[in-house]
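K.L.:
Have a peek at query-v8.txt (compact mmCIF, C-alpha atoms).
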# COMPACT_ATOMS: atom_id res chain seq x y z
CA MET A 1 1.80 85.55 46.74
CA SER A 2 5.31 85.82 48.18
CA VAL A 3 8.23 84.04 46.55
CA GLN A 4 12.00 84.25 46.29
CA ALA A 5 13.39 86.63 43.67
CA ALA A 6 15.47 83.92 42.02
CA LYS A 7 13.63 81.29 39.99
CA GLY A 8 14.21 77.70 38.99
CA LEU A 9 14.88 74.44 40.82
CA PRO A 10 18.43 75.27 42.01
CA ALA A 11 17.19 78.59 43.41
CA ILE A 12 14.30 77.16 45.44
CA LEU A 13 16.61 74.54 46.95
CA GLU A 14 18.94 77.21 48.32
CA LYS A 15 18.80 78.03 52.03
CA HIS A 16 18.53 81.60 53.34
CA PRO A 17 18.00 83.05 56.84
CA ASP A 18 14.65 84.60 55.86
CA ASP A 19 13.20 81.38 54.40
CA VAL A 20 9.79 80.39 55.77
CA VAL A 21 10.44 76.92 57.15
CA ILE A 22 8.23 74.25 58.69
CA THR A 23 9.45 72.90 62.01
CA PHE A 24 6.58 70.52 62.73
CA ALA A 25 4.02 68.88 60.42
CA LYS A 26 1.54 66.32 61.72
CA ARG A 27 -2.13 65.47 61.55
CA THR A 28 -4.62 63.61 63.64
CA ALA A 29 -6.24 60.46 62.39
CA MET A 30 -9.49 61.16 60.54
CA GLY A 31 -12.95 60.06 61.57
CA LYS A 32 -16.10 59.23 59.66
CA THR A 33 -18.85 61.80 59.86
CA LYS A 34 -21.67 60.95 62.29
CA LYS A 35 -20.27 57.48 63.05
CA GLY A 36 -16.55 57.97 63.55
CA GLN A 37 -14.13 58.60 66.38
CA PHE A 38 -14.57 62.41 66.43
CA LYS A 39 -18.36 62.52 66.02
CA ASP A 40 -18.97 63.94 69.51
CA ILE A 41 -15.81 66.02 69.87
CA PRO A 42 -16.08 69.73 68.91
CA VAL A 43 -13.28 71.45 67.04
CA ASP A 44 -11.91 73.40 70.00
CA GLU A 45 -11.56 70.17 71.98
CA MET A 46 -9.94 68.49 68.98
CA MET A 47 -7.41 71.30 68.73
CA GLN A 48 -6.73 71.27 72.45
CA ALA A 49 -5.97 67.54 72.30
CA MET A 50 -3.73 68.04 69.26
CA PHE A 51 -1.82 70.91 70.84
CA LYS A 52 -1.24 68.90 74.00
CA ALA A 53 0.21 66.09 71.89
CA CYS A 54 2.59 68.44 70.05
CA THR A 55 6.16 68.72 71.28
CA THR A 56 6.25 72.36 70.12
CA PRO A 57 3.77 75.00 71.36
CA SER A 58 1.13 76.08 68.85
CA PRO A 59 -1.55 78.82 68.66
CA LEU A 60 -5.32 79.12 68.38
CA GLU A 61 -7.49 81.10 70.81
CA ALA A 62 -9.43 79.24 73.51
CA ALA A 63 -8.12 75.84 72.44
CA ALA A 64 -4.56 77.10 72.67
CA LEU A 65 -5.11 78.63 76.12
CA ALA A 66 -6.76 75.45 77.34
CA ALA A 67 -3.75 73.51 76.08
CA GLY A 68 -1.44 75.66 78.20
CA ILE A 69 -0.15 78.06 75.56
CA PRO A 70 0.64 81.52 77.02
CA HIS A 71 -1.94 84.26 76.48
CA HIS A 72 0.66 86.55 74.88
CA VAL A 73 1.09 84.21 71.89
CA PRO A 74 -0.88 85.80 69.01
CA VAL A 75 -3.50 83.70 67.27
CA VAL A 76 -5.04 83.94 63.80
CA ALA A 77 -8.01 81.90 62.58
CA LEU A 78 -8.85 81.72 58.87
CA ASN A 79 -11.67 80.09 56.93
CA ARG A 80 -11.28 79.73 53.19
CA LEU A 81 -13.08 76.41 52.93
CA ILE A 82 -10.80 73.78 51.40
CA SER A 83 -7.67 75.82 50.80
CA LEU A 84 -6.96 76.68 54.42
CA GLY A 85 -3.37 75.61 54.51
CA PHE A 86 -1.00 77.15 57.01
CA ALA A 87 -0.59 76.69 60.78
CA VAL A 88 -3.74 74.77 61.74
CA GLY A 89 -6.58 73.22 59.80
CA VAL A 90 -9.45 71.62 61.71
CA GLU A 91 -12.92 70.44 60.82
CA ASN A 92 -15.74 68.52 62.45
CA MET A 93 -18.31 68.09 59.72
CA THR A 94 -20.42 65.92 62.00
CA LEU A 95 -21.11 68.81 64.38
CA ASN A 96 -20.66 71.62 61.84
CA PRO A 97 -22.24 70.61 58.52
CA ARG A 98 -21.75 73.04 55.64
CA PRO A 99 -24.54 75.64 55.80
CA THR A 100 -26.50 76.63 52.71
CA PRO A 101 -25.16 80.06 51.69
CA MET A 102 -27.69 82.85 51.24
CA ILE A 103 -27.51 85.73 48.77
CA SER A 104 -29.86 88.63 48.10
CA GLU A 105 -32.43 88.57 45.31
CA ALA A 106 -30.51 91.23 43.39
CA VAL A 107 -27.27 89.24 43.48
CA ASP A 108 -29.11 86.01 42.65
CA LYS A 109 -30.07 87.45 39.25
CA ASN A 110 -26.45 87.00 38.14
CA HIS A 111 -26.01 83.38 37.03
CA GLN A 112 -22.36 83.18 38.12
CA ALA A 113 -23.26 84.51 41.56
CA ARG A 114 -26.03 81.92 41.76
CA ASP A 115 -23.60 79.20 40.70
CA CYS A 116 -21.31 80.20 43.60
CA ILE A 117 -23.77 78.93 46.19
CA GLN A 118 -24.80 75.68 44.54
CA PRO A 119 -24.04 72.40 46.33
CA MET A 120 -20.63 70.92 45.62
CA GLY A 121 -22.26 67.80 44.20
CA TRP A 122 -23.91 69.92 41.54
CA THR A 123 -20.53 71.34 40.51
CA ALA A 124 -19.13 67.81 40.27
CA GLU A 125 -21.92 66.83 37.90
CA MET A 126 -21.39 69.99 35.84
CA VAL A 127 -17.70 69.10 35.41
CA ALA A 128 -18.56 65.53 34.41
CA GLN A 129 -21.14 66.73 31.90
CA THR A 130 -19.15 69.63 30.42
CA TYR A 131 -15.85 67.78 30.10
CA CYS A 132 -17.31 64.34 29.28
CA VAL A 133 -15.87 62.47 32.26
CA SER A 134 -17.63 59.12 32.18
CA ARG A 135 -18.87 57.18 35.20
CA GLU A 136 -16.44 54.38 34.32
CA LYS A 137 -13.48 56.77 34.33
CA GLN A 138 -14.57 58.25 37.65
CA ASP A 139 -14.80 54.80 39.20
CA MET A 140 -11.37 53.90 37.80
CA TYR A 141 -9.70 56.87 39.49
CA ALA A 142 -11.67 56.22 42.68
CA LEU A 143 -10.42 52.63 42.74
CA ILE A 144 -6.82 53.86 42.53
CA SER A 145 -7.41 56.07 45.57
CA HIS A 146 -9.12 53.35 47.62
CA THR A 147 -6.47 50.77 46.73
CA ARG A 148 -3.51 53.02 47.52
CA ALA A 149 -4.97 54.16 50.84
CA SER A 150 -5.78 50.60 51.89
CA GLN A 151 -2.24 49.48 51.08
CA ALA A 152 -0.75 52.47 52.93
CA LEU A 153 -2.90 51.71 55.98
CA ALA A 154 -1.91 48.04 55.95
CA ASN A 155 1.77 48.96 55.66
CA GLY A 156 1.67 51.51 58.48
CA ILE A 157 2.59 54.36 56.15
CA PHE A 158 0.27 56.89 57.79
CA SER A 159 1.77 56.34 61.24
CA GLU A 160 4.66 58.62 60.21
CA GLU A 161 2.33 61.58 59.73
CA ILE A 162 -0.35 60.91 62.37
CA LEU A 163 0.02 62.45 65.81
CA PRO A 164 -1.82 60.21 68.30
CA ILE A 165 -4.08 62.29 70.53
CA GLU A 166 -6.04 61.55 73.65
CA ALA A 167 -9.65 62.67 73.70
CA ARG A 168 -12.23 61.76 76.33
CA GLY A 169 -10.20 58.87 77.63
CA SER A 170 -9.40 57.28 74.26
CA VAL A 171 -6.23 57.43 72.18
CA ILE A 172 -7.04 58.21 68.54
CA SER A 173 -4.23 57.21 66.18
CA VAL A 174 -5.65 55.40 63.13
CA ASP A 175 -7.95 56.66 60.36
CA ASP A 176 -11.36 55.00 60.58
CA THR A 177 -12.39 56.33 57.18
CA ILE A 178 -10.50 53.95 54.87
CA ARG A 179 -12.50 51.10 53.33
CA PRO A 180 -10.31 48.07 52.48
CA GLY A 181 -11.50 45.67 49.81
CA VAL A 182 -13.09 48.17 47.41
CA THR A 183 -13.42 46.70 43.90
CA MET A 184 -14.39 48.02 40.50
CA GLU A 185 -17.44 45.78 40.57
CA GLY A 186 -18.52 47.25 43.89
CA LEU A 187 -18.00 50.82 42.72
CA SER A 188 -19.91 50.18 39.49
CA ALA A 189 -22.92 48.86 41.42
CA LEU A 190 -23.39 52.00 43.51
CA LYS A 191 -26.35 54.25 42.78
CA PRO A 192 -25.85 57.95 41.93
CA VAL A 193 -26.22 60.30 44.87
CA PHE A 194 -27.25 63.25 42.67
CA PRO A 195 -29.49 61.60 40.04
CA ASP A 196 -31.28 64.84 39.17
CA TRP A 197 -28.13 66.76 38.22
CA GLY A 198 -26.14 66.38 35.02
CA GLU A 199 -25.39 62.78 34.11
CA GLY A 200 -25.90 61.54 37.66
CA SER A 201 -22.46 59.89 37.77
CA THR A 202 -21.32 60.78 41.30
CA THR A 203 -21.60 58.03 43.93
CA ALA A 204 -20.61 57.44 47.54
CA GLY A 205 -17.63 55.49 46.18
CA ASN A 206 -16.20 58.04 43.75
CA ALA A 207 -16.63 61.20 45.83
CA SER A 208 -14.67 62.34 48.85
CA GLY A 209 -16.00 61.22 52.18
CA ILE A 210 -17.32 63.68 54.74
CA GLY A 211 -15.08 63.52 57.78
CA ASP A 212 -13.57 65.04 60.90
CA GLY A 213 -9.94 65.75 61.75
CA ALA A 214 -7.17 68.29 62.34
CA ALA A 215 -3.66 68.99 61.08
CA ILE A 216 -0.86 71.36 62.05
CA CYS A 217 2.19 72.93 60.43
CA ILE A 218 4.35 75.23 62.54
CA LEU A 219 6.17 77.87 60.52
CA THR A 220 8.92 80.34 61.33
CA THR A 221 12.02 81.80 59.71
CA ARG A 222 15.07 79.66 59.15
CA GLU A 223 17.13 82.10 61.21
CA ARG A 224 14.87 81.70 64.24
CA ALA A 225 14.56 77.94 63.86
CA GLN A 226 18.33 77.57 63.81
CA ARG A 227 18.82 80.04 66.65
CA GLU A 228 16.37 78.17 68.89
CA GLY A 229 17.47 74.68 67.88
CA MET A 230 14.26 73.67 66.16
CA ASP A 231 14.19 70.78 63.73
CA ILE A 232 13.42 71.85 60.16
CA VAL A 233 11.28 69.41 58.18
CA GLY A 234 10.37 71.55 55.19
CA LYS A 235 10.29 74.93 53.51
CA TRP A 236 7.38 76.89 52.04
CA VAL A 237 8.45 78.35 48.70
CA GLY A 238 5.34 80.00 47.27
CA SER A 239 1.62 79.67 46.68
CA THR A 240 -1.15 81.10 44.59
CA VAL A 241 -4.95 81.32 44.50
CA VAL A 242 -6.89 81.69 41.26
CA GLY A 243 -10.49 82.33 40.28
CA ILE A 244 -12.42 80.11 37.87
CA GLU A 245 -15.97 79.61 36.60
CA PRO A 246 -17.98 78.77 39.75
CA ARG A 247 -19.97 75.91 38.22
CA HIS A 248 -16.69 74.23 37.29
CA MET A 249 -14.91 75.03 40.54
CA GLY A 250 -13.49 71.48 40.66
CA ILE A 251 -10.99 72.15 37.89
CA GLY A 252 -9.17 74.85 39.87
CA PRO A 253 -5.88 72.87 40.01
CA ILE A 254 -5.43 72.99 36.21
CA VAL A 255 -5.17 76.77 36.49
CA ALA A 256 -3.46 77.10 39.88
CA ILE A 257 -0.67 74.55 39.36
CA PRO A 258 0.70 75.96 36.07
CA LYS A 259 0.52 79.45 37.56
CA VAL A 260 2.56 78.67 40.67
CA LEU A 261 5.08 76.66 38.63
CA SER A 262 5.50 79.54 36.19
CA GLN A 263 5.93 82.10 38.94
CA LEU A 264 8.71 80.01 40.47
CA GLY A 265 10.40 79.12 37.19
CA LEU A 266 9.64 75.41 37.58
CA SER A 267 8.47 72.74 35.17
CA LYS A 268 5.95 70.09 36.15
CA GLU A 269 8.78 67.54 35.87
CA ASP A 270 10.66 69.36 38.68
CA VAL A 271 7.97 68.28 41.14
CA ASP A 272 8.53 64.91 42.84
CA VAL A 273 5.13 64.47 44.52
CA TYR A 274 1.77 66.12 43.87
CA GLU A 275 -1.01 66.13 46.44
CA ILE A 276 -4.11 67.12 44.46
CA ASN A 277 -7.37 67.06 46.36
CA GLU A 278 -9.92 64.48 45.28
CA ALA A 279 -13.14 66.34 46.02
CA PHE A 280 -14.92 64.27 43.36
CA ALA A 281 -13.60 61.75 40.87
CA SER A 282 -15.03 63.80 37.99
CA GLN A 283 -12.89 66.85 38.72
CA PHE A 284 -9.87 64.85 39.85
CA ALA A 285 -9.80 62.72 36.69
CA TYR A 286 -10.12 65.77 34.47
CA CYS A 287 -7.36 67.63 36.34
CA VAL A 288 -4.94 64.70 36.22
CA GLU A 289 -5.39 64.21 32.50
CA GLU A 290 -5.26 67.91 31.64
CA LEU A 291 -2.11 68.42 33.72
CA ASP A 292 -0.55 65.33 32.10
CA VAL A 293 1.37 64.31 35.21
CA PRO A 294 2.17 60.61 35.79
CA MET A 295 -0.19 59.06 38.33
CA ASP A 296 2.69 57.56 40.29
CA LYS A 297 3.55 61.12 41.34
CA ILE A 298 -0.01 62.05 42.36
CA ASN A 299 -1.52 61.10 45.73
CA PRO A 300 0.73 58.03 46.06
CA ASN A 301 -1.06 56.92 49.24
CA GLY A 302 -4.57 57.75 48.10
CA GLY A 303 -6.51 60.95 48.49
CA ALA A 304 -9.75 62.35 49.84
CA ILE A 305 -11.96 59.84 48.00
CA ALA A 306 -10.48 57.15 50.23
CA LEU A 307 -9.32 59.14 53.27
CA SER A 308 -12.22 61.63 53.54
CA HIS A 309 -12.22 65.39 53.14
CA PRO A 310 -12.67 67.43 56.34
CA LEU A 311 -12.86 70.79 54.58
CA GLY A 312 -10.87 72.94 57.00
CA MET A 313 -8.24 70.25 57.51
CA THR A 314 -7.44 69.26 53.94
CA GLY A 315 -5.05 72.05 52.92
CA VAL A 316 -2.76 71.41 55.89
CA ARG A 317 -3.22 67.63 55.64
CA GLN A 318 -1.91 67.68 52.08
CA VAL A 319 1.30 69.40 53.21
CA VAL A 320 1.75 66.96 56.10
CA THR A 321 1.12 63.93 53.87
CA GLY A 322 3.25 65.20 51.00
CA LEU A 323 6.27 66.06 53.16
CA ALA A 324 6.09 62.66 54.85
CA GLU A 325 6.07 60.93 51.46
CA LEU A 326 9.03 62.98 50.21
CA ARG A 327 10.97 61.99 53.30
CA ARG A 328 10.28 58.30 52.61
CA ARG A 329 11.39 58.71 49.00
CA GLU A 330 14.32 60.97 49.89
CA GLU A 331 13.05 63.46 47.30
CA LYS A 332 12.64 67.21 47.45
CA VAL A 333 9.73 69.04 45.80
CA LEU A 334 6.04 68.91 46.74
CA CYS A 335 3.14 70.61 44.99
CA THR A 336 -0.20 70.73 46.77
CA SER A 337 -3.37 71.87 45.03
CA MET A 338 -7.11 71.91 45.49
CA CYS A 339 -10.32 73.28 44.11
CA VAL A 340 -12.01 75.77 46.42
CA GLY A 341 -15.72 76.28 46.97
CA SER A 342 -17.42 79.18 45.14
CA GLY A 343 -15.02 79.11 42.19
CA MET A 344 -11.35 79.16 43.10
CA GLY A 345 -8.25 77.01 42.94
CA ALA A 346 -5.09 77.04 45.03
CA ALA A 347 -1.60 75.57 44.77
CA GLY A 348 1.60 75.67 46.81
CA ILE A 349 5.22 74.53 46.49
CA PHE A 350 7.17 73.07 49.41
CA ILE A 351 10.63 71.59 49.88
CA ASN A 352 11.43 68.56 52.03
CA GLU A 353 14.30 69.27 54.41
CA ALA A 354 13.77 66.42 56.89
CA PRO A 355 16.60 63.95 57.44
CA PRO A 356 16.09 60.52 55.85
CA LEU A 357 14.06 58.02 57.81
CA PRO A 358 16.01 55.39 59.77
CA LEU A 359 16.33 52.15 57.82
CA SER A 360 14.11 50.43 60.38
CA LYS A 361 11.18 52.63 59.30
CA LEU A 362 11.61 52.29 55.54
Can you give me the file's structure in the form of structure tokens?
P.N.:
Amino acid sequence: MSVQAAKGLPAILEKHPDDVVITFAKRTAMGKTKKGQFKDIPVDEMMQAMFKACTTPSPLEAAALAAGIPHHVPVVALNRLISLGFAVGVENMTLNPRPTPMISEAVDKNHQARDCIQPMGWTAEMVAQTYCVSREKQDMYALISHTRASQALANGIFSEEILPIEARGSVISVDDTIRPGVTMEGLSALKPVFPDWGEGSTTAGNASGIGDGAAICILTTRERAQREGMDIVGKWVGSTVVGIEPRHMGIGPIVAIPKVLSQLGLSKEDVDVYEINEAFASQFAYCVEELDVPMDKINPNGGAIALSHPLGMTGVRQVVTGLAELRRREEKVLCTSMCVGSGMGAAGIFINEAPPLPLSKL
């Protein structure tokens, strides 16, 4: 983890030439898995379309070259499941479903190693069972996500963060994953999707959707951004990754968030908006209540339960969404956090530096 030497809210709001700043932060619309607008479009084609739509050049191997980015621009590709967070995050879960990990017989004898490769749904049920998160509570938090996302969609909120892209002759600019009209009665009537694990409390309505999409944040130093006349929309302050019990991987944010706040000398009250990933309502509900943060600060426009959760996209999408919300509110501090497959958690702190939105867009 890299952070400034000085700690505390006044310190992280200071501006220095060597700050890591964000000059561009956008995402594509998201698509339903197997049925949505990206179902036939592979990730390299998705990235090519996104790069072409960007006003600032961006990297990433063949997709970048196909988009017209010079060959001498270096490219780095990372895969850390959900926590991939900087530069580009892309995922097509329709064409690239999560494979079943394989471990050797010797490693499999260790129960924690075995827990690392269990399906994510199993970990959700283990969290619900271990921490007594009822089906009713899960549905309650899911309803908040669905309702907020539906309202944001109706009010055009996401248009500020979505970069329309053209793919195969169609312009893709609106999420097709959001389900308006979700009710508590409807959620309560859904059957469990993992009835053989734990309490069998996870449903299609209180778990994140499987989806496709891409997001981009372009980062450089403040000195270079100012020298080259780039707009600055945000600043990365610091981040951390922690390890936790694999079978309870969903509770990673309750370890990662306090750690990154402590390392930066911040209190949870210093944060204006939290984007905490909603992999499953069981883990999200437990994290929210353990962190004791007001819900009006967390995922104000809904989260992955309503929007969907393209694994490789989510880390970047949270930054894009959070910075856009801070700009609307004219507030400063964003904390993003997520659980990470195999038993990890991650969290990051960002500062909004974008100018206020014109009154016509508020």
K.L.:
Using all atoms listed in the file, which residue out of A:Val255, A:Cys54, A:Ile22, A:Ile165 lies closest to Ala354 (chain A)?
P.N.:
A:Ile22
K.L.:
So, counting all atoms listed in the file, which residue among A:Arg247, A:Arg179, A:Arg168, A:His146 is closest to Asn301 (chain A)?
P.N.:
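Looking only at the distances to Asn301 (chain A), the closest residue turns out to be A:His146.
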K.L.:
Counting all atoms listed in the file, find residues at most 12 Å from (2.2, 61.6, 36.8) (file frame) and give them as a PyMOL selection string.
P.N.:
chain A and resi 268-276+287-300
K.L.:
Which is closest to Val237 (chain A) among A:Ile162, A:Ile257, A:Met184, A:Cys335, if we use only C-alpha atoms?
P.N.:
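Smallest separation from Val237 (chain A) among the options: A:Cys335.
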K.L.:
Report, in Å with one decimal, the straight-line distance from CA of Pro10 (chain A) to CA of Lys26 (chain A).
P.N.:
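Separating CA of Pro10 (chain A) from CA of Lys26 (chain A) is a distance of 27.5 Å.
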K.L.:
Could you name the residues that touch Gly348 (chain A) at 9 Å or less, counting all atoms listed in the file, but leaving out those on the same chain fewer than 2 positions away, as a VMD selection string?
P.N.:
chain A and resid 236 to 241 256 to 257 260 to 261 319 334 to 337 346 350
K.L.:
I'd like to know which of A:Leu13, A:Ile244, A:Val316, A:Met338 is closest to Ala279 (chain A), using all atoms listed in the file.
P.N.:
A:Met338
K.L.:
With distances taken over only C-alpha atoms, which of A:Gln151, A:Ser267, A:Asn206, A:Ser201 is nearest to Trp122 (chain A)?
P.N.:
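Comparing A:Gln151, A:Ser267, A:Asn206, A:Ser201 against Trp122 (chain A), the winner is A:Ser201.
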K.L.:
In Å, with one decimal, what is the gap from CA of Asp212 (chain A) to CA of Pro246 (chain A)?
P.N.:
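These two atoms are separated by 25.6 Å.
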K.L.:
Which residue is closest to Glu161 (chain A)? Choose from A:Ile216, A:Ala189, A:Met249, A:Ile210 and count all atoms listed in the file.
P.N.:
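Under the stated criterion, the closest residue is A:Ile216.
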K.L.:
Could you check how far CA of Ala167 (chain A) sits from CA of Thr321 (chain A), in Å to one decimal?
P.N.:
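For CA of Ala167 (chain A) relative to CA of Thr321 (chain A), the distance reads 22.6 Å.
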K.L.:
Using only C-alpha atoms, find all polymer residues with an atom at most 7 Å away from the point (-20.5, 59.8, 38.3); report them as a PyMOL selection string.
P.N.:
chain A and resi 134-135+138+192+200-203+282
K.L.:
Hey, what's within 6 Å of Ala215 (chain A) if we count only C-alpha atoms and toss same-chain stuff fewer than 4 positions away? As a list in words, please?
P.N.:
Lys26, Arg27, Val88, Gly89, Met313, Val316 and Arg317 of chain A
K.L.:
Output C-alpha atoms for every residue in that selection, as a tab-separated table (two decimals), in the frame of the given file.
P.N.:
chain	number	residue	atom	x	y	z
A	26	LYS	CA	1.54	66.32	61.72
A	27	ARG	CA	-2.13	65.47	61.55
A	88	VAL	CA	-3.74	74.77	61.74
A	89	GLY	CA	-6.58	73.22	59.80
A	313	MET	CA	-8.24	70.25	57.51
A	316	VAL	CA	-2.76	71.41	55.89
A	317	ARG	CA	-3.22	67.63	55.64
